[in-house]
Amino acid sequence: MKRHIQDRLLELLAAAARDAFAGQIPEEALRVDLPTDVRFGDVTTNIALQASRVLKANPRQIAQELSVSLRKRIDESDLKRYIQDIKIEGAGFINFYFARPYFQELLKEILIDKEEAFKVDFGRGEKALIEFVSANPTGPLSVAHARQAAVGDALAKVLDFMGFAVSREYYLNDEGNQINILGNSVRLRLQELLGETVVFPEDHYQGDYIYDMARTLKEKGAQGIDFAEYSSAYILDIIRKELDDFGVAFDYWYSQKSLRTSGKIQQAFDLLTEKGFLYPQDGATWLKSTAFGDDKDRVVIKSDGSYTYLAPDIAYHRDKFARGFSLLINLWGPDHHGYINRLKAAVEAQGFDPKGVQILIVQLATIFRDGKPVQMSTRRGQYITLREVLDEVGKDAARFFFLMRRTSSHLDFDLEVAKRRNSENPVYYVQYAHARISSILRSAQSSGNLAECDAALLREPEEIELIKKLGQFTYVLQVCVHTLDPYMVTVYLQEVAERFHRFYDRHRVLGQESGLTLARLALLEAAQTVLRTGLGLLGVSSPDKM
RNA sequence: GCGCCUGUAGCUCAAUUGGAUAGAGCACUUGCCUACGGAGCAAGUUGUUGCAGGUUCGAUUCCUGCCAGGCGCACCA
């Protein structure tokens, strides 16, 4: 209902603008912004400012003329009852103020349709593949992977909610140097345990888990074992369990090795050779990536005949498209940003639209305790793991905290704050609002059909402010889709919780005149729907009691 | 040396992607419990948006040049 009204308002505005400007300004300048700051109306448009640039005329005067024509159209339509006022403000913004019936219908829509009320089919079923974490199975997941897991999963949920057909994929690096080094590390530690003197190279893995594996093998015996295969499988089990406990489930685990064994790398190379984008030089084979904006051409087959990391990636992204995905989203760590151009070049060289590949750099999180960074020593193979964070603060706080800043920004994660059970801890603040509403709804006992309440009885400023905030949920999700970043949901949920707590502090729900109690219960239930849906999109639980 | 990112209140970050008086939380000060969960609410204080120019009705946002910090520049993955 809410969007329906906004869409029709937009139509009337466009019609009024067409009359006023008669093709003097381009259509794309006709734009209605969605609700933002209640100081400046519920919906606003800067169309007059846009037009003034083209027409070289006074924006306020244009806005004035436009609003007269618009008012006339609105008065002639049934939108009249939803629009309280139209004001020209600031440099020439046209601000619309909705009347009570608008908010009443918004509330009823939420009560009847629940979370469906906020869905908009932006994706139109487009197949999207989000590839994230994809850590080499050479050790437990770090906090860097943890943030990627939290962001990737939440983004997948948001895109799914907004009409995309989303799959989650983990690209499994199951062959190559790192795996061999891992296997060798275990082999050397085992020899050590068996009393041999070994030289342990600098670049080998040193974590405790290497010793664990070596000890296990000492007991079981290691006759005829493939160390690389054994140890990577062992670690993969650990990673799967960690992700499972973090609430992140992948649809596909895509084997890098399979790209070679299935001949898909060769197929991709045949195509590129045919197109003339592969050439030999100095005994190696090069991709002519400079033809697509890369700084330099890249080696894909080394002079010893083995592939570089780029080779399987070329075939991998070709295969993603071949599997029917048209939106490929990759979450990478900041150390990979130099790799973006060459991958996009590889995609384009194969004839695909590079805009179909969206690479998001997930910045690192620094773990703090009481305001001080937690020391870590890479020398001993020790880094802060997902497991440690999970054990210390729990899944809900961990996921929420990793999402609290823009994905491309550095994030400070204070373990002590995440464990706190008061308003300093945003996740508790939001969850507490949800639990408090549950408690009130429980106390209300039989509530009747809340959707049939008389929403017109809600006229306190705190009530209206809360409804308005609920009505912005779709807009927030829209921004998340547009920016491919779910972080704004965490900000929004804190705002919803804040509006609820303020309302709660100033007004009573139970024990009022029965119509008013019913209407306020309806408001709380709608707020709870938003909180639960939003937390759900972040992968955070919505407790009824805390 | 080349390229990318960042620079906003004491601290951590926003600012609807070029909009209106640059906002939140923390910290600090002070109030609010005989009623639905005080794990809450309210009030107060904090700014040369790194610096200097440019583009225009309008710049934290875009462009140029400096300054500071981070990261990347492999026939590693």
# chains A, B, ... in the order shown; residues from 1 in each chain; ligands from 1
>>> select_by_dssp(residues="stretch 223-272 of chain A", states="alpha helix (DSSP H)", output="number ranges by chain")
A: 227-245, 256-261, 264-272
>>> interface_residues(of="chain A", to="chain B", cutoff="8 Å", atoms="only C-alpha atoms (C1' of nucleotides)", output="ChimeraX atom specification")
/A:36,49,53,59,89-91,177-178,284,299,301-303,308-309,334-338,405,412,421-424,428-429,432,436,439-440,443,479,501-502,505,508-510
>>> closest_residue(among="A:Leu327, A:Ile437, A:Ile238, A:Val68", to="A:Lys545", atoms="only C-alpha atoms")
A:Ile437
>>> atom_distance(atom1="atom CA of A:Lys114", atom2="atom CA of A:Thr529")
6.4 Å
>>> closest_residue(among="B:C63, B:G70, B:C2, B:U49", to="B:A22", atoms="only C-alpha atoms (C1' of nucleotides)")
B:U49
>>> residues_around(residues="stretch 357-360 of chain A", least_positions_apart="3", cutoff="10 Å", atoms="only C-alpha atoms (C1' of nucleotides)", output="VMD selection string")
chain A and resid 129 to 132 148 152 317 321 326 to 334 337 340 343 to 344 347 to 348 352 to 354 363 407 to 408 484 to 485
>>> write_last_selection(atoms="N, CA and C atoms", output="tab-separated table (two decimals), in the first residue's frame")
chain	number	residue	atom	x	y	z
A	129	LEU	N	25.44	-15.19	-7.72
A	129	LEU	CA	26.34	-16.10	-7.01
A	129	LEU	C	27.28	-15.27	-6.14
A	130	ILE	N	27.20	-15.50	-4.84
A	130	ILE	CA	28.11	-14.80	-3.95
A	130	ILE	C	29.19	-15.77	-3.51
A	131	GLU	N	30.42	-15.44	-3.90
A	131	GLU	CA	31.55	-16.28	-3.51
A	131	GLU	C	32.29	-15.58	-2.40
A	132	PHE	N	32.44	-16.24	-1.26
A	132	PHE	CA	33.12	-15.59	-0.15
A	132	PHE	C	33.80	-16.59	0.77
A	148	GLN	N	34.21	-11.60	6.47
A	148	GLN	CA	33.71	-11.95	5.14
A	148	GLN	C	32.50	-12.88	5.23
A	152	GLY	N	29.09	-11.66	3.73
A	152	GLY	CA	28.61	-12.42	2.58
A	152	GLY	C	27.26	-13.07	2.84
A	317	HIS	N	35.47	-18.42	-13.52
A	317	HIS	CA	34.46	-17.39	-13.77
A	317	HIS	C	33.69	-17.63	-15.05
A	321	PHE	N	29.37	-18.16	-15.18
A	321	PHE	CA	28.41	-17.67	-16.18
A	321	PHE	C	27.71	-18.86	-16.84
A	326	SER	N	24.21	-14.50	-13.59
A	326	SER	CA	24.52	-13.28	-14.33
A	326	SER	C	25.06	-12.18	-13.43
A	327	LEU	N	24.88	-12.35	-12.12
A	327	LEU	CA	25.47	-11.41	-11.18
A	327	LEU	C	26.45	-12.18	-10.30
A	328	LEU	N	27.75	-11.93	-10.52
A	328	LEU	CA	28.78	-12.63	-9.76
A	328	LEU	C	29.38	-11.67	-8.74
A	329	ILE	N	29.20	-12.00	-7.47
A	329	ILE	CA	29.72	-11.14	-6.42
A	329	ILE	C	30.84	-11.88	-5.70
A	330	ASN	N	32.02	-11.28	-5.68
A	330	ASN	CA	33.15	-11.90	-4.98
A	330	ASN	C	33.57	-11.03	-3.81
A	331	LEU	N	33.69	-11.63	-2.65
A	331	LEU	CA	34.19	-10.90	-1.49
A	331	LEU	C	35.66	-11.28	-1.28
A	332	TRP	N	36.52	-10.28	-1.35
A	332	TRP	CA	37.96	-10.53	-1.21
A	332	TRP	C	38.53	-9.70	-0.09
A	333	GLY	N	39.67	-10.15	0.40
A	333	GLY	CA	40.40	-9.37	1.38
A	333	GLY	C	41.13	-8.22	0.70
A	334	PRO	N	41.55	-7.22	1.49
A	334	PRO	CA	42.18	-6.02	0.91
A	334	PRO	C	43.50	-6.32	0.21
A	337	HIS	N	43.25	-6.50	-3.79
A	337	HIS	CA	42.64	-5.48	-4.66
A	337	HIS	C	43.42	-5.28	-5.95
A	340	ILE	N	42.00	-7.31	-8.99
A	340	ILE	CA	40.67	-7.04	-9.57
A	340	ILE	C	40.75	-6.82	-11.07
A	343	LEU	N	41.42	-9.97	-13.19
A	343	LEU	CA	40.30	-10.89	-13.27
A	343	LEU	C	39.21	-10.34	-14.19
A	344	LYS	N	38.94	-9.04	-14.04
A	344	LYS	CA	37.92	-8.44	-14.91
A	344	LYS	C	38.36	-8.50	-16.37
A	347	VAL	N	37.71	-11.92	-17.63
A	347	VAL	CA	36.29	-12.12	-17.88
A	347	VAL	C	35.89	-11.49	-19.21
A	348	GLU	N	36.36	-10.26	-19.41
A	348	GLU	CA	36.00	-9.54	-20.62
A	348	GLU	C	36.61	-10.18	-21.86
A	352	PHE	N	32.54	-11.88	-21.81
A	352	PHE	CA	31.48	-11.60	-20.83
A	352	PHE	C	31.53	-10.13	-20.42
A	353	ASP	N	30.39	-9.65	-19.92
A	353	ASP	CA	30.32	-8.27	-19.48
A	353	ASP	C	30.98	-8.15	-18.11
A	354	PRO	N	32.08	-7.40	-18.01
A	354	PRO	CA	32.77	-7.30	-16.71
A	354	PRO	C	31.91	-6.66	-15.63
A	363	GLN	N	37.24	-4.96	4.23
A	363	GLN	CA	38.39	-4.51	5.01
A	363	GLN	C	38.56	-5.31	6.30
A	407	THR	N	31.35	-2.09	4.73
A	407	THR	CA	32.24	-3.21	4.43
A	407	THR	C	33.61	-2.75	3.97
A	408	SER	N	33.67	-1.62	3.28
A	408	SER	CA	34.94	-1.16	2.76
A	408	SER	C	35.74	-0.38	3.81
A	484	LEU	N	25.42	-3.00	-2.47
A	484	LEU	CA	25.88	-4.36	-2.18
A	484	LEU	C	26.57	-4.41	-0.81
A	485	ASP	N	25.91	-3.82	0.16
A	485	ASP	CA	26.49	-3.75	1.49
A	485	ASP	C	25.37	-3.77	2.53
>>> residues_around(residues="B:C51", least_positions_apart="4", cutoff="12 Å", atoms="only C-alpha atoms (C1' of nucleotides)", output="PDB file with N, CA and C atoms (P, O5', C5', C4', C3', O3' and C1' of nucleotides), in the first residue's frame")
ATOM      1  P     G B   7      37.588   8.986   4.739  1.00  0.00           P
ATOM      2  O5'   G B   7      38.659   9.770   5.622  1.00  0.00           O
ATOM      3  C5'   G B   7      38.905   9.360   6.973  1.00  0.00           C
ATOM      4  C4'   G B   7      40.088  10.129   7.535  1.00  0.00           C
ATOM      5  C3'   G B   7      39.820  11.613   7.784  1.00  0.00           C
ATOM      6  O3'   G B   7      40.418  12.023   9.005  1.00  0.00           O
ATOM      7  C1'   G B   7      41.700  11.357   6.378  1.00  0.00           C
ATOM      8  P     G B  65      47.037  15.909 -10.019  1.00  0.00           P
ATOM      9  O5'   G B  65      47.752  16.945  -9.062  1.00  0.00           O
ATOM     10  C5'   G B  65      48.472  18.043  -9.598  1.00  0.00           C
ATOM     11  C4'   G B  65      48.901  18.956  -8.485  1.00  0.00           C
ATOM     12  C3'   G B  65      49.495  18.256  -7.275  1.00  0.00           C
ATOM     13  O3'   G B  65      50.843  17.875  -7.490  1.00  0.00           O
ATOM     14  C1'   G B  65      47.946  19.894  -6.553  1.00  0.00           C
ATOM     15  P     C B  66      51.526  16.844  -6.481  1.00  0.00           P
ATOM     16  O5'   C B  66      51.975  17.864  -5.352  1.00  0.00           O
ATOM     17  C5'   C B  66      52.317  17.380  -4.075  1.00  0.00           C
ATOM     18  C4'   C B  66      52.118  18.456  -3.034  1.00  0.00           C
ATOM     19  C3'   C B  66      52.132  17.913  -1.627  1.00  0.00           C
ATOM     20  O3'   C B  66      53.459  17.793  -1.145  1.00  0.00           O
ATOM     21  C1'   C B  66      50.188  19.209  -1.915  1.00  0.00           C
ATOM     22  P     C B  67      53.954  16.355  -0.651  1.00  0.00           P
ATOM     23  O5'   C B  67      53.372  16.299   0.831  1.00  0.00           O
ATOM     24  C5'   C B  67      53.517  17.432   1.702  1.00  0.00           C
ATOM     25  C4'   C B  67      52.666  17.250   2.930  1.00  0.00           C
ATOM     26  C3'   C B  67      52.617  15.832   3.493  1.00  0.00           C
ATOM     27  O3'   C B  67      53.761  15.528   4.269  1.00  0.00           O
ATOM     28  C1'   C B  67      50.431  16.709   3.408  1.00  0.00           C
ATOM     29  P     A B  68      54.288  14.031   4.324  1.00  0.00           P
ATOM     30  O5'   A B  68      53.178  13.305   5.213  1.00  0.00           O
ATOM     31  C5'   A B  68      53.028  13.645   6.584  1.00  0.00           C
ATOM     32  C4'   A B  68      51.855  12.922   7.181  1.00  0.00           C
ATOM     33  C3'   A B  68      51.841  11.409   6.986  1.00  0.00           C
ATOM     34  O3'   A B  68      52.681  10.724   7.892  1.00  0.00           O
ATOM     35  C1'   A B  68      49.700  12.283   6.493  1.00  0.00           C
TER      36        A B  68
END
>>> atom_distance(atom1="atom CA of A:Val143", atom2="atom CA of A:Leu386")
5.2 Å
>>> decode(residues="stretch 344-364 of chain A", atoms="N, CA and C atoms", output="PDB file, in the first residue's frame")
ATOM      1  N   LYS A 344      38.938  -9.044 -14.038  1.00  0.00           N
ATOM      2  CA  LYS A 344      37.924  -8.436 -14.910  1.00  0.00           C
ATOM      3  C   LYS A 344      38.362  -8.498 -16.368  1.00  0.00           C
ATOM      4  N   ALA A 345      39.659  -8.312 -16.586  1.00  0.00           N
ATOM      5  CA  ALA A 345      40.185  -8.417 -17.946  1.00  0.00           C
ATOM      6  C   ALA A 345      39.974  -9.824 -18.485  1.00  0.00           C
ATOM      7  N   ALA A 346      40.233 -10.809 -17.637  1.00  0.00           N
ATOM      8  CA  ALA A 346      40.072 -12.202 -18.055  1.00  0.00           C
ATOM      9  C   ALA A 346      38.613 -12.500 -18.403  1.00  0.00           C
ATOM     10  N   VAL A 347      37.709 -11.918 -17.628  1.00  0.00           N
ATOM     11  CA  VAL A 347      36.286 -12.121 -17.880  1.00  0.00           C
ATOM     12  C   VAL A 347      35.887 -11.485 -19.211  1.00  0.00           C
ATOM     13  N   GLU A 348      36.364 -10.261 -19.411  1.00  0.00           N
ATOM     14  CA  GLU A 348      35.997  -9.537 -20.623  1.00  0.00           C
ATOM     15  C   GLU A 348      36.615 -10.183 -21.864  1.00  0.00           C
ATOM     16  N   ALA A 349      37.838 -10.682 -21.710  1.00  0.00           N
ATOM     17  CA  ALA A 349      38.508 -11.318 -22.843  1.00  0.00           C
ATOM     18  C   ALA A 349      37.730 -12.535 -23.325  1.00  0.00           C
ATOM     19  N   GLN A 350      37.000 -13.150 -22.416  1.00  0.00           N
ATOM     20  CA  GLN A 350      36.212 -14.327 -22.789  1.00  0.00           C
ATOM     21  C   GLN A 350      34.836 -13.945 -23.325  1.00  0.00           C
ATOM     22  N   GLY A 351      34.602 -12.636 -23.441  1.00  0.00           N
ATOM     23  CA  GLY A 351      33.364 -12.182 -24.062  1.00  0.00           C
ATOM     24  C   GLY A 351      32.225 -11.915 -23.104  1.00  0.00           C
ATOM     25  N   PHE A 352      32.535 -11.884 -21.806  1.00  0.00           N
ATOM     26  CA  PHE A 352      31.480 -11.596 -20.831  1.00  0.00           C
ATOM     27  C   PHE A 352      31.530 -10.128 -20.416  1.00  0.00           C
ATOM     28  N   ASP A 353      30.393  -9.654 -19.924  1.00  0.00           N
ATOM     29  CA  ASP A 353      30.316  -8.268 -19.479  1.00  0.00           C
ATOM     30  C   ASP A 353      30.981  -8.147 -18.107  1.00  0.00           C
ATOM     31  N   PRO A 354      32.079  -7.396 -18.007  1.00  0.00           N
ATOM     32  CA  PRO A 354      32.774  -7.299 -16.711  1.00  0.00           C
ATOM     33  C   PRO A 354      31.914  -6.659 -15.633  1.00  0.00           C
ATOM     34  N   LYS A 355      30.866  -5.934 -16.029  1.00  0.00           N
ATOM     35  CA  LYS A 355      29.989  -5.338 -15.015  1.00  0.00           C
ATOM     36  C   LYS A 355      29.176  -6.398 -14.282  1.00  0.00           C
ATOM     37  N   GLY A 356      29.120  -7.597 -14.864  1.00  0.00           N
ATOM     38  CA  GLY A 356      28.430  -8.702 -14.189  1.00  0.00           C
ATOM     39  C   GLY A 356      29.234  -9.259 -13.033  1.00  0.00           C
ATOM     40  N   VAL A 357      30.507  -8.831 -12.942  1.00  0.00           N
ATOM     41  CA  VAL A 357      31.360  -9.277 -11.843  1.00  0.00           C
ATOM     42  C   VAL A 357      31.557  -8.116 -10.869  1.00  0.00           C
ATOM     43  N   GLN A 358      31.075  -8.265  -9.669  1.00  0.00           N
ATOM     44  CA  GLN A 358      31.201  -7.218  -8.656  1.00  0.00           C
ATOM     45  C   GLN A 358      32.145  -7.714  -7.571  1.00  0.00           C
ATOM     46  N   ILE A 359      33.273  -7.054  -7.450  1.00  0.00           N
ATOM     47  CA  ILE A 359      34.244  -7.489  -6.458  1.00  0.00           C
ATOM     48  C   ILE A 359      34.224  -6.538  -5.274  1.00  0.00           C
ATOM     49  N   LEU A 360      33.927  -7.062  -4.111  1.00  0.00           N
ATOM     50  CA  LEU A 360      33.838  -6.242  -2.912  1.00  0.00           C
ATOM     51  C   LEU A 360      35.032  -6.540  -2.019  1.00  0.00           C
ATOM     52  N   ILE A 361      35.758  -5.502  -1.682  1.00  0.00           N
ATOM     53  CA  ILE A 361      36.892  -5.675  -0.781  1.00  0.00           C
ATOM     54  C   ILE A 361      36.393  -5.516   0.652  1.00  0.00           C
ATOM     55  N   VAL A 362      36.539  -6.573   1.414  1.00  0.00           N
ATOM     56  CA  VAL A 362      36.105  -6.540   2.812  1.00  0.00           C
ATOM     57  C   VAL A 362      37.311  -6.157   3.664  1.00  0.00           C
ATOM     58  N   GLN A 363      37.243  -4.964   4.230  1.00  0.00           N
ATOM     59  CA  GLN A 363      38.389  -4.507   5.014  1.00  0.00           C
ATOM     60  C   GLN A 363      38.559  -5.311   6.302  1.00  0.00           C
ATOM     61  N   LEU A 364      39.731  -5.240   6.842  1.00  0.00           N
ATOM     62  CA  LEU A 364      40.065  -6.041   8.011  1.00  0.00           C
ATOM     63  C   LEU A 364      39.393  -5.503   9.271  1.00  0.00           C
TER      64      LEU A 364
END
